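Colleague: Let me give you the structure first, and then I'll get to my questions.
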Amino acid sequence: MVSLDPTEHEIAELGPKIKDVDDVDELEEMLELEEEAEDRDPVKTLIEGRIDTLSEDDEDVDPGEADLTELTVADVANMVRDVDDVDVLEDMLEREREGKERKSAISQIEKRIEDLTQDDDGEAAEVEYVPPEEKYPDLDHPTSEKRWVEGTVDGDYRDMWVYCETQQGELIDVSKEMLGKARELMDGYNEAPASDASGGSEDESSGKYGGDEDGNPEDVVAVLIGDGVADLAEEAVAYGADRVVYHEDERLARFRHKPYTEIFCAMCRDGDFEWRDYHEPRYNVFPATNNGRDLSALVQGELDSGLASDCSDLYIDSATISNPAKTGTPGDNKVFERILHMPRPDFSGFEYSTILCIDKPHRDFHPQGASVIPGTFDLPEPDPDREGEIVEHDLDLPDDWFQVEVTDFDRLEGGVDLTGNEVVVALGRGIGDRPTEGMELGLELVDAFEEADLGLSRGVITASYEFDSHVEDYVAEERQIGESGQVVEPDLYVAAGISGAVQHKVGMDESDTIVSINTDPDADIRDFSDYYIEGDLFEVLPRLTEALKEGEFSTAVAEVSDD
């Protein structure tokens, strides 16, 4: 019995899960299950790739006898990484020079020999530290003097800060989602790990630390910047903040890069604050919105730390690292505690990477920073009885931070938020033959539901279809679903004329039930649909709309999908 049945998971979920399977026999069994059921080529490729990786690992090649002429430079680099005998490495170096004499391969071997060179005490030599002003004397970017970086080496870091974006005087949903997730993370963080009878920790990698290094609980700090944002402070507390720090100025009514960045960084850095007695936040979290992406990159760059953008999850855990650039000594392993693990999708959601922001010798990377895709976390229920501290931040804002004056702008009466609907009907390039009629049919199906709205694939947004005036207002980029659009998780997702490219899949594959309509029997969307209707959307959509009006929608879907 396999621990992971691939037929029970979507393709995007399997990438990180399969990497945890180390038994080749189990992988072979998983491959057989997939071939007998879904038979999805991408899934089979993932499993077969993992089998190949483990098989290669099982092949023990003796570096002292390996024929280097048959190995690539990458193979040589991987091999020497595990060699601790300098004599073996010297022999490999000689053989490489007598063979292909590749400069890159020679460099890799020499680098490993250098790493293993020992000092007079027989201990591995530490990585030599060269101050940045000596290593890069011509460096001229804003942090070249390193006054903040060098001033906070081994500094005190606390709390998780959440930048709460607002629109039209209200907290946007992703701000509330992040506050709820931050509350969950820091509650676990502040809880002490269980201890065994010997006094050791039974759960050292649980993300539970019992508070900071001195045992004091750490807080969730909400940051509000804008005009009239003080009115939102109590709401931020209700959604999970222990402390709200806000800065108000009528000139900040619209998002501006320079002042927003400077204000946020002024809040973070050393200062004479009664509400904060540490150097910088331990973690910074931002929304991955248009403005949030800009601000997160600017703030983390100004603070000279790292950023994982467009994250799909967050958790706090320890991490064991062997890289000498991080440990300071070749061959050593070092456990880094209190690390924010920041998974994010790569290759349009086909693979996932977990980003870590880890310090190195003579250099702290704080705050650890992430931006979060809207809709990633559940929207929490506010607790109006929660109590928290509310602090007004004071800073003189120079006029040269506002060199551009906005004299006039238009504001939409209301944007299109597809995330709160129970049903989303999405149209793709399948409407291309008769685009106006296709839009009409999609809207008719939307109107037949009580709580539904219309979404579009990127193909419709970027195409040059000609629509009649009564439907052309619906062809807007804000209705786009996918990697570069909205992410939705409705109870029912109807995809009509959509092929199912991975970019679109990222935006809707968490829907509870997916009904897809396509004339192509081999369309990619079939692999992740609960019901696949092979047919013309111009014929199928009217039948579904009529069945819905008669209260027989589910029956109609089953019947049409079997036609």
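Lettering and numbering for the structure tokens are positional, with chains as A, B, ... in the shown order, residues counted from 1 in each chain, and ligands counted from 1 in the shown order.
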Please provide as JSON, numbers by chain all residues within 10 Å of Glu437 (chain A), with the sequence filter that same-chain residues fewer than 5 positions apart are discarded (counting only C-alpha atoms).

Modeller: {"A": [431, 432, 442, 443, 467, 468, 471, 538]}

Colleague: Please produce a file of those selected residues containing N, CA and C atoms, as a PDB file, in the first residue's frame.

Modeller:
```pdb
ATOM      1  N   ILE A 431     -14.837  30.684 -27.555  1.00  0.00           N
ATOM      2  CA  ILE A 431     -15.894  31.597 -28.023  1.00  0.00           C
ATOM      3  C   ILE A 431     -15.476  32.317 -29.294  1.00  0.00           C
ATOM      4  N   GLY A 432     -14.289  32.026 -29.801  1.00  0.00           N
ATOM      5  CA  GLY A 432     -13.693  32.799 -30.881  1.00  0.00           C
ATOM      6  C   GLY A 432     -14.498  32.893 -32.157  1.00  0.00           C
ATOM      7  N   GLY A 442     -22.526  32.757 -21.685  1.00  0.00           N
ATOM      8  CA  GLY A 442     -21.882  32.680 -20.378  1.00  0.00           C
ATOM      9  C   GLY A 442     -22.603  33.531 -19.349  1.00  0.00           C
ATOM     10  N   LEU A 443     -23.017  34.728 -19.737  1.00  0.00           N
ATOM     11  CA  LEU A 443     -23.730  35.629 -18.816  1.00  0.00           C
ATOM     12  C   LEU A 443     -25.104  35.085 -18.463  1.00  0.00           C
ATOM     13  N   PHE A 467     -16.455  42.551 -30.063  1.00  0.00           N
ATOM     14  CA  PHE A 467     -17.665  42.317 -29.288  1.00  0.00           C
ATOM     15  C   PHE A 467     -18.650  43.451 -29.516  1.00  0.00           C
ATOM     16  N   ASP A 468     -19.931  43.107 -29.501  1.00  0.00           N
ATOM     17  CA  ASP A 468     -20.944  44.153 -29.537  1.00  0.00           C
ATOM     18  C   ASP A 468     -20.924  44.909 -28.215  1.00  0.00           C
ATOM     19  N   VAL A 471     -21.809  43.700 -24.462  1.00  0.00           N
ATOM     20  CA  VAL A 471     -21.007  42.733 -23.712  1.00  0.00           C
ATOM     21  C   VAL A 471     -19.542  43.139 -23.603  1.00  0.00           C
ATOM     22  N   PHE A 538     -21.411  26.399 -27.490  1.00  0.00           N
ATOM     23  CA  PHE A 538     -22.597  27.083 -28.002  1.00  0.00           C
ATOM     24  C   PHE A 538     -23.832  26.180 -27.935  1.00  0.00           C
TER      25      PHE A 538
END
```

Colleague: Would you list the contacts of region 65-70 of chain A as a PyMOL selection string, taking every protein, DNA or RNA residue within 12 Å and counting only C-alpha atoms, but skipping same-chain residues closer than 5 positions in sequence?

Modeller: chain A and resi 60+75-77+79-80+88-89+91-102+105-106+109

Colleague: Identify which of the residues A:Glu489, A:Asp138, A:Glu534, A:Asp270 lies closest to Asn518 (chain A), counting only C-alpha atoms when measuring atom-to-atom distances.

Modeller: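 Going through A:Glu489, A:Asp138, A:Glu534, A:Asp270 one by one, the smallest distance to Asn518 (chain A) is for A:Glu534.
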
Colleague: Give the answer as one residue: which of A:Asp173, A:Asp219, A:Glu114, A:Asp214 has the shortest atom-to-atom distance to Trp161 (chain A), using only C-alpha atoms?

Modeller: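 Under the stated criterion, the closest residue is A:Asp219.
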
Colleague: Which residues come within 7 Å of region 498-513 of chain A, counting only C-alpha atoms, excluding same-chain residues fewer than 2 positions away, as a compact mmCIF listing (two decimals) with N, CA and C atoms, in the first residue's frame?

Modeller:
```txt
# COMPACT_ATOMS: atom_id res chain seq x y z
N SER A 348 4.92 28.04 -13.35
CA SER A 348 3.46 28.19 -13.44
C SER A 348 2.73 27.18 -12.57
N GLY A 349 3.31 26.84 -11.43
CA GLY A 349 2.63 25.97 -10.48
C GLY A 349 2.94 24.50 -10.64
N LEU A 427 -14.92 31.77 -19.45
CA LEU A 427 -14.92 31.57 -20.89
C LEU A 427 -13.51 31.70 -21.44
N GLY A 428 -13.21 30.87 -22.44
CA GLY A 428 -11.89 30.91 -23.07
C GLY A 428 -11.98 31.12 -24.57
N ARG A 429 -10.93 30.77 -25.28
CA ARG A 429 -10.85 31.02 -26.71
C ARG A 429 -11.89 30.25 -27.52
N GLY A 430 -12.56 29.33 -26.85
CA GLY A 430 -13.61 28.58 -27.55
C GLY A 430 -14.75 29.45 -28.04
N SER A 457 -10.35 33.67 -19.48
CA SER A 457 -8.97 33.24 -19.59
C SER A 457 -8.14 34.35 -20.21
N ILE A 481 -8.57 35.11 -14.92
CA ILE A 481 -8.28 34.09 -13.90
C ILE A 481 -7.00 33.37 -14.31
N GLY A 482 -6.09 33.22 -13.35
CA GLY A 482 -4.85 32.51 -13.66
C GLY A 482 -3.66 33.08 -12.93
N GLU A 483 -2.49 32.68 -13.37
CA GLU A 483 -1.24 33.07 -12.70
C GLU A 483 -1.09 34.58 -12.64
N GLN A 486 -6.73 36.67 -11.20
CA GLN A 486 -7.29 36.31 -9.90
C GLN A 486 -7.18 34.81 -9.63
N VAL A 487 -7.13 34.46 -8.35
CA VAL A 487 -7.13 33.07 -7.91
C VAL A 487 -8.46 32.82 -7.21
N VAL A 488 -9.23 31.87 -7.71
CA VAL A 488 -10.58 31.64 -7.19
C VAL A 488 -10.71 30.21 -6.70
N GLU A 489 -11.59 30.01 -5.71
CA GLU A 489 -11.85 28.68 -5.14
C GLU A 489 -13.35 28.53 -4.91
N PRO A 490 -14.18 28.66 -5.95
CA PRO A 490 -15.63 28.57 -5.75
C PRO A 490 -16.08 27.13 -5.52
N ASP A 491 -17.33 27.00 -5.10
CA ASP A 491 -17.92 25.66 -4.97
C ASP A 491 -18.04 25.00 -6.35
N LEU A 492 -18.34 25.81 -7.36
CA LEU A 492 -18.50 25.30 -8.72
C LEU A 492 -17.77 26.20 -9.70
N TYR A 493 -16.94 25.60 -10.54
CA TYR A 493 -16.22 26.34 -11.58
C TYR A 493 -16.59 25.72 -12.92
N ALA A 495 -15.81 25.88 -16.78
CA ALA A 495 -14.82 26.37 -17.74
C ALA A 495 -15.28 26.00 -19.14
N ALA A 496 -15.65 26.99 -19.93
CA ALA A 496 -16.18 26.75 -21.27
C ALA A 496 -15.18 27.25 -22.31
N VAL A 515 -16.35 21.80 -13.79
CA VAL A 515 -17.05 21.29 -14.97
C VAL A 515 -16.45 21.99 -16.18
N ASN A 518 -15.32 21.39 -23.75
CA ASN A 518 -14.33 21.60 -24.79
C ASN A 518 -14.56 20.61 -25.93
N ALA A 523 -7.90 17.86 -24.41
CA ALA A 523 -7.54 19.14 -23.81
C ALA A 523 -6.96 18.92 -22.41
N ASP A 524 -5.95 19.70 -22.05
CA ASP A 524 -5.28 19.51 -20.76
C ASP A 524 -6.23 19.65 -19.58
N ILE A 525 -7.26 20.48 -19.73
CA ILE A 525 -8.16 20.74 -18.61
C ILE A 525 -8.91 19.48 -18.18
N ASP A 530 -13.71 17.57 -12.72
CA ASP A 530 -14.57 16.54 -12.14
C ASP A 530 -15.55 16.02 -13.19
```

Colleague: Tell me, as a ChimeraX atom specification, which residues lie within 10 Å of Ala37 (chain A), counting only C-alpha atoms; anything in the same chain fewer than 5 positions away does not count.

Modeller: /A:6-7,32

Colleague: Could you name the residues that touch Ala476 (chain A) at 9 Å or less, counting only C-alpha atoms, but leaving out those on the same chain fewer than 3 positions away, as number ranges by chain?

Modeller: A: 456, 461, 472-473, 479-480

Colleague: Write a file of the just-selected residues containing all heavy atoms, as a PDB file, in the first residue's frame.

Modeller:
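What landed in again-v8.pdb:
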```
ATOM      1  N   LEU A 456     -12.674  35.136 -17.164  1.00  0.00           N
ATOM      2  CA  LEU A 456     -12.139  34.964 -18.513  1.00  0.00           C
ATOM      3  C   LEU A 456     -10.719  34.410 -18.444  1.00  0.00           C
ATOM      4  O   LEU A 456      -9.987  34.661 -17.477  1.00  0.00           O
ATOM      5  CB  LEU A 456     -12.122  36.299 -19.265  1.00  0.00           C
ATOM      6  CG  LEU A 456     -13.463  37.011 -19.450  1.00  0.00           C
ATOM      7  CD1 LEU A 456     -13.242  38.405 -20.028  1.00  0.00           C
ATOM      8  CD2 LEU A 456     -14.405  36.209 -20.340  1.00  0.00           C
ATOM      9  N   ILE A 461      -8.704  37.848 -23.072  1.00  0.00           N
ATOM     10  CA  ILE A 461      -8.272  39.221 -22.773  1.00  0.00           C
ATOM     11  C   ILE A 461      -7.320  39.739 -23.844  1.00  0.00           C
ATOM     12  O   ILE A 461      -7.396  40.892 -24.269  1.00  0.00           O
ATOM     13  CB  ILE A 461      -7.587  39.292 -21.393  1.00  0.00           C
ATOM     14  CG1 ILE A 461      -8.526  38.796 -20.282  1.00  0.00           C
ATOM     15  CG2 ILE A 461      -7.095  40.698 -21.095  1.00  0.00           C
ATOM     16  CD1 ILE A 461      -9.743  39.651 -20.088  1.00  0.00           C
ATOM     17  N   GLU A 472     -19.114  44.139 -24.366  1.00  0.00           N
ATOM     18  CA  GLU A 472     -17.686  44.443 -24.392  1.00  0.00           C
ATOM     19  C   GLU A 472     -17.173  44.954 -23.047  1.00  0.00           C
ATOM     20  O   GLU A 472     -15.978  44.842 -22.748  1.00  0.00           O
ATOM     21  CB  GLU A 472     -17.378  45.467 -25.491  1.00  0.00           C
ATOM     22  CG  GLU A 472     -17.997  46.827 -25.296  1.00  0.00           C
ATOM     23  CD  GLU A 472     -17.647  47.757 -26.455  1.00  0.00           C
ATOM     24  OE1 GLU A 472     -16.914  47.321 -27.359  1.00  0.00           O
ATOM     25  OE2 GLU A 472     -18.116  48.914 -26.436  1.00  0.00           O
ATOM     26  N   ASP A 473     -18.057  45.515 -22.214  1.00  0.00           N
ATOM     27  CA  ASP A 473     -17.620  45.986 -20.894  1.00  0.00           C
ATOM     28  C   ASP A 473     -17.174  44.838 -19.989  1.00  0.00           C
ATOM     29  O   ASP A 473     -16.471  45.061 -18.988  1.00  0.00           O
ATOM     30  CB  ASP A 473     -18.740  46.775 -20.209  1.00  0.00           C
ATOM     31  CG  ASP A 473     -18.976  48.127 -20.873  1.00  0.00           C
ATOM     32  OD1 ASP A 473     -18.092  48.572 -21.623  1.00  0.00           O
ATOM     33  OD2 ASP A 473     -20.041  48.715 -20.648  1.00  0.00           O
ATOM     34  N   ARG A 479     -11.108  40.610 -14.872  1.00  0.00           N
ATOM     35  CA  ARG A 479     -11.849  39.344 -14.828  1.00  0.00           C
ATOM     36  C   ARG A 479     -10.965  38.147 -15.172  1.00  0.00           C
ATOM     37  O   ARG A 479     -11.434  37.011 -15.194  1.00  0.00           O
ATOM     38  CB  ARG A 479     -13.041  39.390 -15.796  1.00  0.00           C
ATOM     39  CG  ARG A 479     -14.144  40.343 -15.367  1.00  0.00           C
ATOM     40  CD  ARG A 479     -15.392  40.195 -16.222  1.00  0.00           C
ATOM     41  NE  ARG A 479     -16.428  41.107 -15.776  1.00  0.00           N
ATOM     42  CZ  ARG A 479     -17.299  40.832 -14.810  1.00  0.00           C
ATOM     43  NH1 ARG A 479     -17.244  39.651 -14.207  1.00  0.00           N
ATOM     44  NH2 ARG A 479     -18.203  41.717 -14.446  1.00  0.00           N
ATOM     45  N   GLN A 480      -9.713  38.402 -15.447  1.00  0.00           N
ATOM     46  CA  GLN A 480      -8.822  37.316 -15.837  1.00  0.00           C
ATOM     47  C   GLN A 480      -8.533  36.391 -14.660  1.00  0.00           C
ATOM     48  O   GLN A 480      -8.277  36.847 -13.542  1.00  0.00           O
ATOM     49  CB  GLN A 480      -7.515  37.880 -16.376  1.00  0.00           C
ATOM     50  CG  GLN A 480      -6.517  36.809 -16.821  1.00  0.00           C
ATOM     51  CD  GLN A 480      -5.248  37.426 -17.362  1.00  0.00           C
ATOM     52  OE1 GLN A 480      -5.285  38.466 -18.019  1.00  0.00           O
ATOM     53  NE2 GLN A 480      -4.123  36.798 -17.090  1.00  0.00           N
TER      54      GLN A 480
END
```

Colleague: Using only C-alpha atoms, which protein or nucleic acid residues come within 10 Å of region 353-362 of chain A? Drop anything in the same chain fewer than 3 positions from it, and give the result as a PDB file with N, CA and C atoms, in the first residue's frame.

Modeller:
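Listed below is the output, around_33.pdb:
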```
ATOM      1  N   GLY A  15       4.158  17.694  -7.057  1.00  0.00           N
ATOM      2  CA  GLY A  15       5.573  18.031  -7.160  1.00  0.00           C
ATOM      3  C   GLY A  15       6.306  17.972  -5.837  1.00  0.00           C
ATOM      4  N   PRO A  16       5.879  18.764  -4.829  1.00  0.00           N
ATOM      5  CA  PRO A  16       6.591  18.733  -3.549  1.00  0.00           C
ATOM      6  C   PRO A  16       6.389  17.442  -2.768  1.00  0.00           C
ATOM      7  N   GLU A 126      38.175  28.620   8.825  1.00  0.00           N
ATOM      8  CA  GLU A 126      36.940  29.365   8.642  1.00  0.00           C
ATOM      9  C   GLU A 126      37.001  30.175   7.358  1.00  0.00           C
ATOM     10  N   VAL A 127      35.838  30.449   6.831  1.00  0.00           N
ATOM     11  CA  VAL A 127      35.756  31.273   5.637  1.00  0.00           C
ATOM     12  C   VAL A 127      36.266  32.671   5.965  1.00  0.00           C
ATOM     13  N   GLU A 128      37.184  33.159   5.135  1.00  0.00           N
ATOM     14  CA  GLU A 128      37.762  34.478   5.392  1.00  0.00           C
ATOM     15  C   GLU A 128      36.704  35.550   5.193  1.00  0.00           C
ATOM     16  N   TYR A 129      36.629  36.466   6.140  1.00  0.00           N
ATOM     17  CA  TYR A 129      35.657  37.549   6.055  1.00  0.00           C
ATOM     18  C   TYR A 129      36.345  38.820   5.582  1.00  0.00           C
ATOM     19  N   VAL A 130      35.792  39.398   4.532  1.00  0.00           N
ATOM     20  CA  VAL A 130      36.284  40.671   4.029  1.00  0.00           C
ATOM     21  C   VAL A 130      35.146  41.664   4.125  1.00  0.00           C
ATOM     22  N   PRO A 131      35.315  42.758   4.867  1.00  0.00           N
ATOM     23  CA  PRO A 131      34.241  43.746   4.985  1.00  0.00           C
ATOM     24  C   PRO A 131      33.799  44.230   3.610  1.00  0.00           C
ATOM     25  N   VAL A 149      23.199  47.465   8.075  1.00  0.00           N
ATOM     26  CA  VAL A 149      23.551  46.047   8.067  1.00  0.00           C
ATOM     27  C   VAL A 149      24.572  45.737   9.158  1.00  0.00           C
ATOM     28  N   GLU A 150      25.687  46.450   9.135  1.00  0.00           N
ATOM     29  CA  GLU A 150      26.735  46.176  10.110  1.00  0.00           C
ATOM     30  C   GLU A 150      26.288  46.532  11.522  1.00  0.00           C
ATOM     31  N   THR A 152      23.506  45.910  12.826  1.00  0.00           N
ATOM     32  CA  THR A 152      22.548  44.955  13.406  1.00  0.00           C
ATOM     33  C   THR A 152      23.032  43.511  13.322  1.00  0.00           C
ATOM     34  N   VAL A 153      24.328  43.304  13.118  1.00  0.00           N
ATOM     35  CA  VAL A 153      24.850  41.945  13.191  1.00  0.00           C
ATOM     36  C   VAL A 153      24.661  41.437  14.618  1.00  0.00           C
ATOM     37  N   ASP A 154      24.112  40.248  14.739  1.00  0.00           N
ATOM     38  CA  ASP A 154      23.766  39.681  16.054  1.00  0.00           C
ATOM     39  C   ASP A 154      22.825  40.614  16.811  1.00  0.00           C
ATOM     40  N   TYR A 283      10.232  39.091  11.051  1.00  0.00           N
ATOM     41  CA  TYR A 283       9.596  38.741   9.780  1.00  0.00           C
ATOM     42  C   TYR A 283       8.775  39.932   9.275  1.00  0.00           C
ATOM     43  N   SER A 305      17.821  43.005   3.051  1.00  0.00           N
ATOM     44  CA  SER A 305      17.492  41.623   3.369  1.00  0.00           C
ATOM     45  C   SER A 305      16.890  40.961   2.131  1.00  0.00           C
ATOM     46  N   GLY A 306      16.332  39.776   2.300  1.00  0.00           N
ATOM     47  CA  GLY A 306      15.801  39.017   1.180  1.00  0.00           C
ATOM     48  C   GLY A 306      14.291  39.075   1.111  1.00  0.00           C
ATOM     49  N   LEU A 307      13.737  38.579   0.000  1.00  0.00           N
ATOM     50  CA  LEU A 307      12.291  38.558  -0.201  1.00  0.00           C
ATOM     51  C   LEU A 307      11.912  37.352  -1.036  1.00  0.00           C
ATOM     52  N   ALA A 308      10.937  36.598  -0.567  1.00  0.00           N
ATOM     53  CA  ALA A 308      10.317  35.540  -1.371  1.00  0.00           C
ATOM     54  C   ALA A 308       8.979  36.080  -1.852  1.00  0.00           C
ATOM     55  N   SER A 309       8.814  36.224  -3.147  1.00  0.00           N
ATOM     56  CA  SER A 309       7.609  36.853  -3.684  1.00  0.00           C
ATOM     57  C   SER A 309       6.570  35.828  -4.087  1.00  0.00           C
ATOM     58  N   CYS A 311       4.185  34.058  -2.486  1.00  0.00           N
ATOM     59  CA  CYS A 311       4.201  32.796  -1.736  1.00  0.00           C
ATOM     60  C   CYS A 311       2.798  32.194  -1.650  1.00  0.00           C
ATOM     61  N   SER A 312       2.752  30.867  -1.582  1.00  0.00           N
ATOM     62  CA  SER A 312       1.493  30.152  -1.476  1.00  0.00           C
ATOM     63  C   SER A 312       1.322  29.483  -0.115  1.00  0.00           C
ATOM     64  N   ASP A 313       2.260  29.700   0.788  1.00  0.00           N
ATOM     65  CA  ASP A 313       2.156  29.171   2.153  1.00  0.00           C
ATOM     66  C   ASP A 313       3.259  29.819   2.984  1.00  0.00           C
ATOM     67  N   LEU A 314       3.135  29.734   4.287  1.00  0.00           N
ATOM     68  CA  LEU A 314       4.158  30.215   5.213  1.00  0.00           C
ATOM     69  C   LEU A 314       4.171  29.296   6.433  1.00  0.00           C
ATOM     70  N   ALA A 319      16.076  24.807  10.289  1.00  0.00           N
ATOM     71  CA  ALA A 319      16.659  24.337   9.031  1.00  0.00           C
ATOM     72  C   ALA A 319      18.124  23.988   9.277  1.00  0.00           C
ATOM     73  N   ILE A 321      21.702  23.445   7.728  1.00  0.00           N
ATOM     74  CA  ILE A 321      22.404  23.905   6.540  1.00  0.00           C
ATOM     75  C   ILE A 321      23.878  23.510   6.626  1.00  0.00           C
ATOM     76  N   ASN A 323      26.078  24.515   3.858  1.00  0.00           N
ATOM     77  CA  ASN A 323      26.804  25.418   2.975  1.00  0.00           C
ATOM     78  C   ASN A 323      27.788  26.262   3.789  1.00  0.00           C
ATOM     79  N   PRO A 324      29.112  26.183   3.496  1.00  0.00           N
ATOM     80  CA  PRO A 324      30.081  26.943   4.294  1.00  0.00           C
ATOM     81  C   PRO A 324      29.874  28.453   4.212  1.00  0.00           C
ATOM     82  N   ALA A 325      29.204  28.927   3.160  1.00  0.00           N
ATOM     83  CA  ALA A 325      28.900  30.355   3.083  1.00  0.00           C
ATOM     84  C   ALA A 325      27.954  30.771   4.199  1.00  0.00           C
ATOM     85  N   LYS A 326      27.182  29.805   4.719  1.00  0.00           N
ATOM     86  CA  LYS A 326      26.247  30.077   5.808  1.00  0.00           C
ATOM     87  C   LYS A 326      26.765  29.602   7.162  1.00  0.00           C
ATOM     88  N   THR A 327      27.543  28.519   7.166  1.00  0.00           N
ATOM     89  CA  THR A 327      28.024  27.994   8.439  1.00  0.00           C
ATOM     90  C   THR A 327      29.331  28.651   8.881  1.00  0.00           C
ATOM     91  N   GLY A 328      30.122  29.112   7.916  1.00  0.00           N
ATOM     92  CA  GLY A 328      31.403  29.722   8.237  1.00  0.00           C
ATOM     93  C   GLY A 328      32.566  28.767   8.198  1.00  0.00           C
ATOM     94  N   THR A 329      32.290  27.452   8.255  1.00  0.00           N
ATOM     95  CA  THR A 329      33.350  26.451   8.274  1.00  0.00           C
ATOM     96  C   THR A 329      32.984  25.299   7.354  1.00  0.00           C
ATOM     97  N   PHE A 336      19.728  26.367  11.933  1.00  0.00           N
ATOM     98  CA  PHE A 336      19.201  27.721  12.028  1.00  0.00           C
ATOM     99  C   PHE A 336      17.770  27.638  12.570  1.00  0.00           C
ATOM    100  N   GLU A 337      17.515  28.322  13.654  1.00  0.00           N
ATOM    101  CA  GLU A 337      16.195  28.296  14.270  1.00  0.00           C
ATOM    102  C   GLU A 337      15.359  29.492  13.794  1.00  0.00           C
ATOM    103  N   ARG A 338      14.072  29.394  14.014  1.00  0.00           N
ATOM    104  CA  ARG A 338      13.129  30.502  13.779  1.00  0.00           C
ATOM    105  C   ARG A 338      13.163  30.983  12.332  1.00  0.00           C
ATOM    106  N   ILE A 339      13.256  30.039  11.399  1.00  0.00           N
ATOM    107  CA  ILE A 339      13.340  30.393   9.987  1.00  0.00           C
ATOM    108  C   ILE A 339      11.945  30.351   9.374  1.00  0.00           C
ATOM    109  N   LEU A 340      11.562  31.424   8.710  1.00  0.00           N
ATOM    110  CA  LEU A 340      10.298  31.464   7.999  1.00  0.00           C
ATOM    111  C   LEU A 340      10.465  30.719   6.681  1.00  0.00           C
ATOM    112  N   HIS A 341       9.760  29.614   6.535  1.00  0.00           N
ATOM    113  CA  HIS A 341       9.786  28.841   5.298  1.00  0.00           C
ATOM    114  C   HIS A 341       8.699  29.401   4.374  1.00  0.00           C
ATOM    115  N   MET A 342       9.102  29.723   3.147  1.00  0.00           N
ATOM    116  CA  MET A 342       8.222  30.466   2.238  1.00  0.00           C
ATOM    117  C   MET A 342       8.064  29.719   0.918  1.00  0.00           C
ATOM    118  N   PRO A 343       7.161  28.737   0.847  1.00  0.00           N
ATOM    119  CA  PRO A 343       6.934  28.016  -0.415  1.00  0.00           C
ATOM    120  C   PRO A 343       6.288  28.932  -1.455  1.00  0.00           C
ATOM    121  N   ARG A 344       6.700  28.779  -2.699  1.00  0.00           N
ATOM    122  CA  ARG A 344       6.128  29.562  -3.797  1.00  0.00           C
ATOM    123  C   ARG A 344       6.108  28.702  -5.056  1.00  0.00           C
ATOM    124  N   PRO A 345       5.140  28.925  -5.943  1.00  0.00           N
ATOM    125  CA  PRO A 345       5.062  28.132  -7.173  1.00  0.00           C
ATOM    126  C   PRO A 345       6.118  28.551  -8.183  1.00  0.00           C
ATOM    127  N   ASP A 346       6.694  27.570  -8.842  1.00  0.00           N
ATOM    128  CA  ASP A 346       7.602  27.801  -9.960  1.00  0.00           C
ATOM    129  C   ASP A 346       7.035  27.128 -11.206  1.00  0.00           C
ATOM    130  N   GLY A 349       3.306  26.840 -11.430  1.00  0.00           N
ATOM    131  CA  GLY A 349       2.626  25.970 -10.481  1.00  0.00           C
ATOM    132  C   GLY A 349       2.939  24.501 -10.643  1.00  0.00           C
ATOM    133  N   PHE A 365      20.448  38.658   7.896  1.00  0.00           N
ATOM    134  CA  PHE A 365      19.411  38.937   6.901  1.00  0.00           C
ATOM    135  C   PHE A 365      18.068  39.044   7.620  1.00  0.00           C
ATOM    136  N   HIS A 366      17.755  40.228   8.056  1.00  0.00           N
ATOM    137  CA  HIS A 366      16.470  40.481   8.709  1.00  0.00           C
ATOM    138  C   HIS A 366      15.961  41.830   8.248  1.00  0.00           C
ATOM    139  N   PRO A 367      14.659  41.949   8.179  1.00  0.00           N
ATOM    140  CA  PRO A 367      13.635  40.942   8.448  1.00  0.00           C
ATOM    141  C   PRO A 367      13.554  39.903   7.311  1.00  0.00           C
ATOM    142  N   GLN A 368      13.238  38.663   7.659  1.00  0.00           N
ATOM    143  CA  GLN A 368      12.916  37.679   6.641  1.00  0.00           C
ATOM    144  C   GLN A 368      11.590  38.119   6.007  1.00  0.00           C
ATOM    145  N   GLY A 369      11.545  38.201   4.681  1.00  0.00           N
ATOM    146  CA  GLY A 369      10.398  38.837   4.040  1.00  0.00           C
ATOM    147  C   GLY A 369       9.696  37.974   3.006  1.00  0.00           C
ATOM    148  N   ALA A 370       8.369  38.126   2.933  1.00  0.00           N
ATOM    149  CA  ALA A 370       7.561  37.380   1.961  1.00  0.00           C
ATOM    150  C   ALA A 370       6.392  38.230   1.505  1.00  0.00           C
TER     151      ALA A 370
END
```

Colleague: Within 12 Å of region 235-245 of chain A, which residues of region 273-329 of chain A show up? Give each one with its shortest atom-to-atom distance in Å (one decimal) and the two atoms involved, counting only C-alpha atoms, rows by chain then rising residue number, as JSON lines.

Modeller:
```
{"residue": "A:Phe273", "atom": "CA", "partner": "A:Val245", "partner_atom": "CA", "distance": 11.3}
{"residue": "A:Trp275", "atom": "CA", "partner": "A:Arg243", "partner_atom": "CA", "distance": 8.9}
{"residue": "A:Arg276", "atom": "CA", "partner": "A:Arg243", "partner_atom": "CA", "distance": 10.4}
```

Colleague: Rank nothing, just name the residue among A:Asp5, A:Glu405, A:Asp159, A:Asp231 nearest to Gly211 (chain A), using only C-alpha atoms.

Modeller: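 Among A:Asp5, A:Glu405, A:Asp159, A:Asp231, it is A:Asp159 that comes nearest to Gly211 (chain A).
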
Colleague: If you run DSSP on the backbone, which residues of region 190-287 of chain A are alpha helix (DSSP H), as JSON, numbers by chain?

Modeller: {"A": [190, 233, 234, 235, 236, 237, 238, 257, 258, 259, 260, 261, 262, 263, 264, 265, 266, 267, 268]}

Colleague: Among region 361-544 of chain A, which residues carry a DSSP assignment of strand (DSSP E), reported as a VMD selection string?

Modeller: chain A and resid 368 to 372 389 to 392 423 to 427 452 to 456 492 to 496 513 to 518 531 to 534
